[in-house]
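Written below as C-alpha cells is the structure these notes are about.
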Amino acid sequence: MVKRKKVEAPKISLAALRDAGSPAGRAETVGHIRKTADKMVGEIHRGDRPNLRFPIRSLNNVEYDPKVGYFELLGKKTERTLAYSTVKTFAQSVRMMAAAKTNIEDEEICSKREMYYNSKAWGECRFAEQPESDTVMDDIEALFGVNREQLGFVPDEKGGDVAGKLMILDRDAQSGKPLKIDCTKQGSGAWSIPSKVEHLGFETNAKFILVVETSALFQRLVYHGYWDKANCIVISMGGVPTRACRRFIRRLADEKRIPVYVFTDGDPYGYGNIYRTLKVGSGNAAHINRFFCVPQASYLGVTPQDIIDFDLKDATHPLEDVDIKRAKDALKNDPFFKIYPQWQAAINQMIEMGVRVEQQAFAKHGLNYVINNYLPKKLAHPEKFLP
Amino acid sequence: MVIKLNPEQAVLFGAGGRGGKAAVAEPEEASRKGRTVIRLSTTKAERQQEKAEQAKAERAAAREAKAAGNGKGSKKAPPAAETAQSMAAKQREISVSEFFTKNRHLLGFDNPRKALLTAVKEAVDNSLDACDESHILPDITVEIRAVEGYEDRFTVAIADNGPGIVKQQIPRIFGKLLYGSKFHRLRQSRGQQGIGISAAGMYGQLTTGKPMRIISRTGKDKPAHYFEIHIDTAKNEPQILKDEEKPWEVERGTRVEFELEAKFQRGRQSVDEYLQQTAVANPHAKIVYKAPDGQDMEFPRGAKDAPPQPREIKPHPYGIELGALMHVLRTTRSRNVCGCLSQDFSRVSPQSARKICERAGIEPKGRPSRIAAQEAERLYRAIQETKLMNPPTDCLAPIGEEALVAGLQKEFKADFYTAVTRSPAVYRGNPFVVEAALAWGGELPADELGRVLRFANRVPLLYQQGSCSIWESVLEVDWKNYHVEQSRGAPPSGPLVITVHFASVWVPFTSESKEAIASYPEVVKEIKLALQECGRRVSVFLSRRRRELEEERKKSYITKYIPHIGIGLREILGFPEKEEQKIVKQLTNILEKTRGGVE
Ligand SMILES: Nc1ncnc2c1ncn2[C@@H]1O[C@H](COP(=O)(O)OP(=O)(O)O)[C@@H](O)[C@H]1O
Ligand SMILES: [Mg+2]
C-alpha cells in the first residue's frame, strides 16, 4: 500500500478522549483557538488577506488500513481566504470559534440546534438554516482536530437503544453517587445511550453484541427476549450510528472483549453508510474517526447471498437509480470497500440481482423466523461474516 | 333554399338587396348539365340547409356510383369530355365581392374571434387615417354590444371626430370593395387597397343579413347623413336601403355600425391588445373602448401634436420592376422618354434622364410608347446603373424615437427604454423607414420569451407572426452578443418588449388581411440594423447595471460581515474596542482592494 503523509496526530488511545474534557484538555483547545485568532490578527495588521486552512472533509481525503482499523485523514487541506465570496462564512466561522471558546471557558454545553438559534443574534451574519451552521461547526471541529463535544457543542440526536445481558455503571446526575443500570430489566423498553459515554463502566457475560439498523426489528427482538435465549446484548442504531453510539459500542467491546455483529437492511445504504460508518468512521469527520469507530465489528447480514439462501426473492424491491449509483460509488471511491474482495463480490452480486432487501423481509416465512431460524443459522458461522 | 341557375342567368346573387339569399345549386345536377355552381349562403340557417343539401347530394351520388359499379351495363354514360366551346360557356368574370365572399380568410375573417378584431381594426384604422390626413387629433370611440337573444352576435360601432364623408361617397365607400382614396397614390397611410371597411360590412351582412348603418357629417353647418347599405356581392355595388338626413349631436365626424357573428374575448389577439398597441404607436390619439362585459377602457392622449403629415410621391426608379417601368412608359402623358423619366419618377432630373438614355442607347426625344421591349430592358438596366438620389422621405411619417419611447412608457413599466429610427431606405422603388424600440426590466415578466410588437404604418399586426419579416429579423439577430438570453430559433428571453415599426408608402403585406410584412432583403436588413442598435444600447445598460449592482453588493458585504470578524476576534482575544475598530477598518481596506465577484 502506498504510504501517504498523515496529519501529525498522536495515537490517541481510548482514554485520551476522556482527557480532552479535563481542565488541561480544555486549556489546550482554548489555546488552539487563540493561536488561530492571533495569526489572523497578525495577517490583518500586515495588510494581508487572513486565511483559515481546513482539512478537506471527504472520502478522497482518507485512507484505510485494516491494521489501523479506521479511516485516517490524509493531509489535503482547503484554504478559506478572505474575499467577497467567502466573507460571510468567514465571519460566521470566527463568530462560532468565539462561541466555542466561551462554551469551553464557562463549561457550558450548547446543542447544534441551539448554536443555530444563537446565531440569530448576529444580525445579517446569522445562519439561514441549521445545515449551514452544522457545516461551519464541522469545519471548525476539523480545523482544531477535536470532537465537537470538546468545543461544547452536543448533537441533538439520540445515541441508540440498548437491551440484554449488560449492567451499566453510571453515576446519579445530581448526587454523583454510583448507579447500576440493569439492561435485562428494561421491560418492553430499552436504555438509551447518552451523548457522553466516557464515564460509563460495564459488567457483562454476554457472548456477543448484536447491532441492528431498525428500531422495528429491535422491538421484535426485545419483545421475544431474544437476548436471553442467545445470551447477548442487542443495540439499535436507528439509521446511521451517532458518534455516541459508535463510541459506546467500541468501549464496551474493547473493555469486555466481546465480538460485534451487525445486522442491517440489505441495500447500499445499509452497507456503505451504516455499517461502514460504524466500523471505520466517516470521510466527513475523519479527524475524530479514531475515537468513533468499531474496528472489531463484522457483518452478519442481510447479504445478497442471504436472499438466495433464505428464499427471500419475492420479498425484495428493485434497486432504484440512487441505489445503483451509491453502490457503484462505494466500489469505486470508498477506500473501505476497495480493500475487501468479499465486499466487492457482495455489492456486485447485488447490482447483478438488481434487488435490495429489508431486515423485516424474513416475516415472509412467519413473524419469528428471524429469531428462530435466520439468526441461529448465521451465528453458527461467524467466520463467514463479511469483514 | 335552392336556386338552380343557368349560365345565362348572369346575376348570381342579384337578390341580395332583399335580405341576401343563398344561391345553391345541387352539385350533382349542375355538373351533369354543365351549370355554374355558386355556393353562397347568407344566414346560419341557410348554411345549415346548404350543408344538408350537400350531404343529401353526396349520398345520392354514392348510391349511383355503387349501382353503376354493380350492374354491368351501366345506366349512365360517364361525363362527356369538355370542349373548348363547352368550357367557354362557363368562363366569365368574377366579381371581387364574390371572390372575397369565398375567400374571407384572405381578409382576416377566418373565424368569429378574429372577425371581431378585424372589423374593429378596419374601422379604427380608417378613422385614424382620416383624422391624420385632415390634421385633426383623433378622438375615437369603439363600442361593442352583445345582440340580445344570441350568444355569437355583436353590434360594433366606431365613431370618430374626423373630417366626415361627403354624401355621394358614403354608399360606395361602405358598399363597394376596392374603392378608396389611398390605392392610387404613394403616401404612407394605414389603409391602402380600399377593401377594409367594406369587407367588414360584407362579413356582417353574410353572417347576420343586416345592413351597415353609417352616419357622417362634414361640418357644423352641414346636415348629418344617415345611410343603411347592403352590398350586392355579384355586382360589387352598394344597395341603398335607407338614405336620410338625421339630427346628430356630433358636429363633425363619422360613425359606422354593423352587426356580425363574432366571439368576444380578452387577452392576446383580442380587441384589447389591438387597441393597447394602437395606443403605443399612436400616442397622439385618444381611444375609448366600451366593451360588452362592461369593463370599459380608456387610452388617453400621450402627445399633444399630431404627427407631421407625409407627402405623396412618385415612384423612385431604383428597384422598380421591368413590367412596371413598361407600364409607365405606355401610359405616361409625357411626349418623350426623357420627360417621362423625369416627371413620372422621383429623383430623376432632366440631366440624369439624359444620362440614362445615353447609357441605354436610346433617343431621349423618342416617344415613350414606342419603346420596344428590348429597349425597355436596356433602359431598365441603365437606370439601375445611374447614380440617383434616394427617394424623398417627406412621404414618410415615422413615429419618432421620442414618441416610441413615450408609447412604451405609457403601456409598460420598465427600467430602461430605447428607440432607434433608421434613415429611409428603398425596396422596389418604395421608400421606407424602420424603427425599433426596446423596453427592459421593471414589471415585465423576467422568465418568459420577450414580446415582439409589430407595426406597419402605425397599425399593430397581431396575426401571422411566424411569416413576418419583423419576426424573422428578431430571430436572426444574435441577442447573446448583447448579453440577452436566446435559444435557437426563438426570440430573446427576459424582461423585454421589442417594438418594430415599418413605415412606407406601400407596405408589402403577404396577404390582403395585412397581417405580415413580406421579407424583402432590404427590409430585413434595415430591421436587423435597428434591432442591433437597440441591442447594443440595452447591453450597455445591462453591463452598467450589473457593475452597479455588484458594487452595491460588495459595499453591503463589507458593512454586513466585516464587523462580525472584529467582534469574534475581540471575543476570542479580549483586546480593547479601539483595536477592534482598527481591525475592521483594516479589513475593509483589504477587501476593497481584492478583485473577484461576490459569488
Ligand atoms: N371614418 C372615415 N372618415 C373619412 N373617410 C373615410 C373613413 N372611413 C373610410 N373613409 C374613406 O373610405 C375609403 C375606403 O376605406 P377602406 O375600404 O377601409 O379602404 P382603404 O382604407 O384601404 O383605403 C378610404 O380610402 C377613405 O377615403
Ligand atoms: Mg381602411
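Following the order of the C-alpha cells, first chain is A, next is B, and so on, with residues numbered from 1 inside each chain and ligands from 1 in the order they appear.
Using only C-alpha atoms and all ligand atoms, residues with at least one atom at most 9 Å away from any atom of ligand 2 are Lys121, Glu122, Ala123, Val124, Asp125, Asn126, Ser127, Asp129, Gly180, Lys182, Arg190, Gly191, Gln192, Gln193, Gly194, Ile195, Gly196, Ile197 and Ser198 of chain B.
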File of the preceding selection, N, CA and C atoms, as a PDB file, in the first residue's frame:
ATOM      1  N   LYS B 121     -60.627  46.793 -36.246  1.00  0.00           N
ATOM      2  CA  LYS B 121     -59.361  47.295 -36.769  1.00  0.00           C
ATOM      3  C   LYS B 121     -59.566  48.107 -38.060  1.00  0.00           C
ATOM      4  N   GLU B 122     -60.362  47.568 -38.977  1.00  0.00           N
ATOM      5  CA  GLU B 122     -60.560  48.273 -40.244  1.00  0.00           C
ATOM      6  C   GLU B 122     -61.183  49.645 -40.008  1.00  0.00           C
ATOM      7  N   ALA B 123     -62.178  49.687 -39.121  1.00  0.00           N
ATOM      8  CA  ALA B 123     -62.864  50.954 -38.880  1.00  0.00           C
ATOM      9  C   ALA B 123     -61.946  51.944 -38.155  1.00  0.00           C
ATOM     10  N   VAL B 124     -61.220  51.457 -37.131  1.00  0.00           N
ATOM     11  CA  VAL B 124     -60.337  52.363 -36.371  1.00  0.00           C
ATOM     12  C   VAL B 124     -59.200  52.875 -37.257  1.00  0.00           C
ATOM     13  N   ASP B 125     -58.630  51.982 -38.062  1.00  0.00           N
ATOM     14  CA  ASP B 125     -57.560  52.407 -38.972  1.00  0.00           C
ATOM     15  C   ASP B 125     -58.048  53.522 -39.892  1.00  0.00           C
ATOM     16  N   ASN B 126     -59.256  53.373 -40.404  1.00  0.00           N
ATOM     17  CA  ASN B 126     -59.811  54.400 -41.286  1.00  0.00           C
ATOM     18  C   ASN B 126     -59.985  55.722 -40.552  1.00  0.00           C
ATOM     19  N   SER B 127     -60.490  55.638 -39.329  1.00  0.00           N
ATOM     20  CA  SER B 127     -60.705  56.865 -38.564  1.00  0.00           C
ATOM     21  C   SER B 127     -59.377  57.572 -38.330  1.00  0.00           C
ATOM     22  N   ASP B 129     -56.595  57.292 -40.087  1.00  0.00           N
ATOM     23  CA  ASP B 129     -56.123  57.815 -41.372  1.00  0.00           C
ATOM     24  C   ASP B 129     -56.808  59.139 -41.697  1.00  0.00           C
ATOM     25  N   GLY B 180     -61.475  53.313 -52.816  1.00  0.00           N
ATOM     26  CA  GLY B 180     -60.858  54.103 -51.750  1.00  0.00           C
ATOM     27  C   GLY B 180     -59.992  55.188 -52.316  1.00  0.00           C
ATOM     28  N   LYS B 182     -56.788  55.677 -51.264  1.00  0.00           N
ATOM     29  CA  LYS B 182     -55.371  55.517 -50.922  1.00  0.00           C
ATOM     30  C   LYS B 182     -54.575  54.631 -51.876  1.00  0.00           C
ATOM     31  N   ARG B 190     -52.596  54.001 -43.313  1.00  0.00           N
ATOM     32  CA  ARG B 190     -52.875  52.698 -42.712  1.00  0.00           C
ATOM     33  C   ARG B 190     -53.582  51.779 -43.700  1.00  0.00           C
ATOM     34  N   GLY B 191     -54.634  52.301 -44.307  1.00  0.00           N
ATOM     35  CA  GLY B 191     -55.323  51.522 -45.332  1.00  0.00           C
ATOM     36  C   GLY B 191     -54.573  51.685 -46.628  1.00  0.00           C
ATOM     37  N   GLN B 192     -54.714  50.766 -47.550  1.00  0.00           N
ATOM     38  CA  GLN B 192     -54.173  51.052 -48.869  1.00  0.00           C
ATOM     39  C   GLN B 192     -55.003  50.505 -50.017  1.00  0.00           C
ATOM     40  N   GLN B 193     -55.604  49.318 -49.846  1.00  0.00           N
ATOM     41  CA  GLN B 193     -56.249  48.716 -51.008  1.00  0.00           C
ATOM     42  C   GLN B 193     -57.689  49.153 -51.233  1.00  0.00           C
ATOM     43  N   GLY B 194     -58.324  49.758 -50.235  1.00  0.00           N
ATOM     44  CA  GLY B 194     -59.713  50.133 -50.395  1.00  0.00           C
ATOM     45  C   GLY B 194     -60.666  48.972 -50.234  1.00  0.00           C
ATOM     46  N   ILE B 195     -60.276  47.977 -49.463  1.00  0.00           N
ATOM     47  CA  ILE B 195     -61.216  46.890 -49.207  1.00  0.00           C
ATOM     48  C   ILE B 195     -61.473  46.703 -47.728  1.00  0.00           C
ATOM     49  N   GLY B 196     -60.920  47.558 -46.890  1.00  0.00           N
ATOM     50  CA  GLY B 196     -61.012  47.343 -45.447  1.00  0.00           C
ATOM     51  C   GLY B 196     -62.424  47.370 -44.920  1.00  0.00           C
ATOM     52  N   ILE B 197     -63.025  48.573 -44.888  1.00  0.00           N
ATOM     53  CA  ILE B 197     -64.276  48.727 -44.168  1.00  0.00           C
ATOM     54  C   ILE B 197     -65.429  48.015 -44.885  1.00  0.00           C
ATOM     55  N   SER B 198     -65.397  48.025 -46.223  1.00  0.00           N
ATOM     56  CA  SER B 198     -66.492  47.380 -46.947  1.00  0.00           C
ATOM     57  C   SER B 198     -66.453  45.866 -46.730  1.00  0.00           C
TER      58      SER B 198
END
Show me which bits of chain B are within 9 Å of chain A, counting only C-alpha atoms, as a PyMOL selection string. chain B and resi 554+557-558+560-573+582-583+586-587+589-592+594-599
Among region 264-421 of chain B, which residues carry a DSSP assignment of helix (DSSP H, G or I), reported as an NGL selection string? :B and (271-281 or 322-331 or 337-344 or 350-360 or 368-370 or 373-385 or 401-411)
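Within region 221-269 of chain B, residues classed as strand (DSSP E) by DSSP on backbone coordinates are Ala224, His225, Tyr226, Phe227, Glu228, Ile229, His230, Ile231, Asp232, Glu237, Pro238, Gln239, Ile240, Leu241, Lys242, Asp243, Glu244, Glu245, Lys246, Gly253, Thr254, Arg255, Val256, Glu257, Phe258, Glu259, Leu260 and Glu261 of chain B.
In this model, the gap between CA of Asp394 (chain B) and CA of Arg187 (chain B) comes to 9.4 Å.
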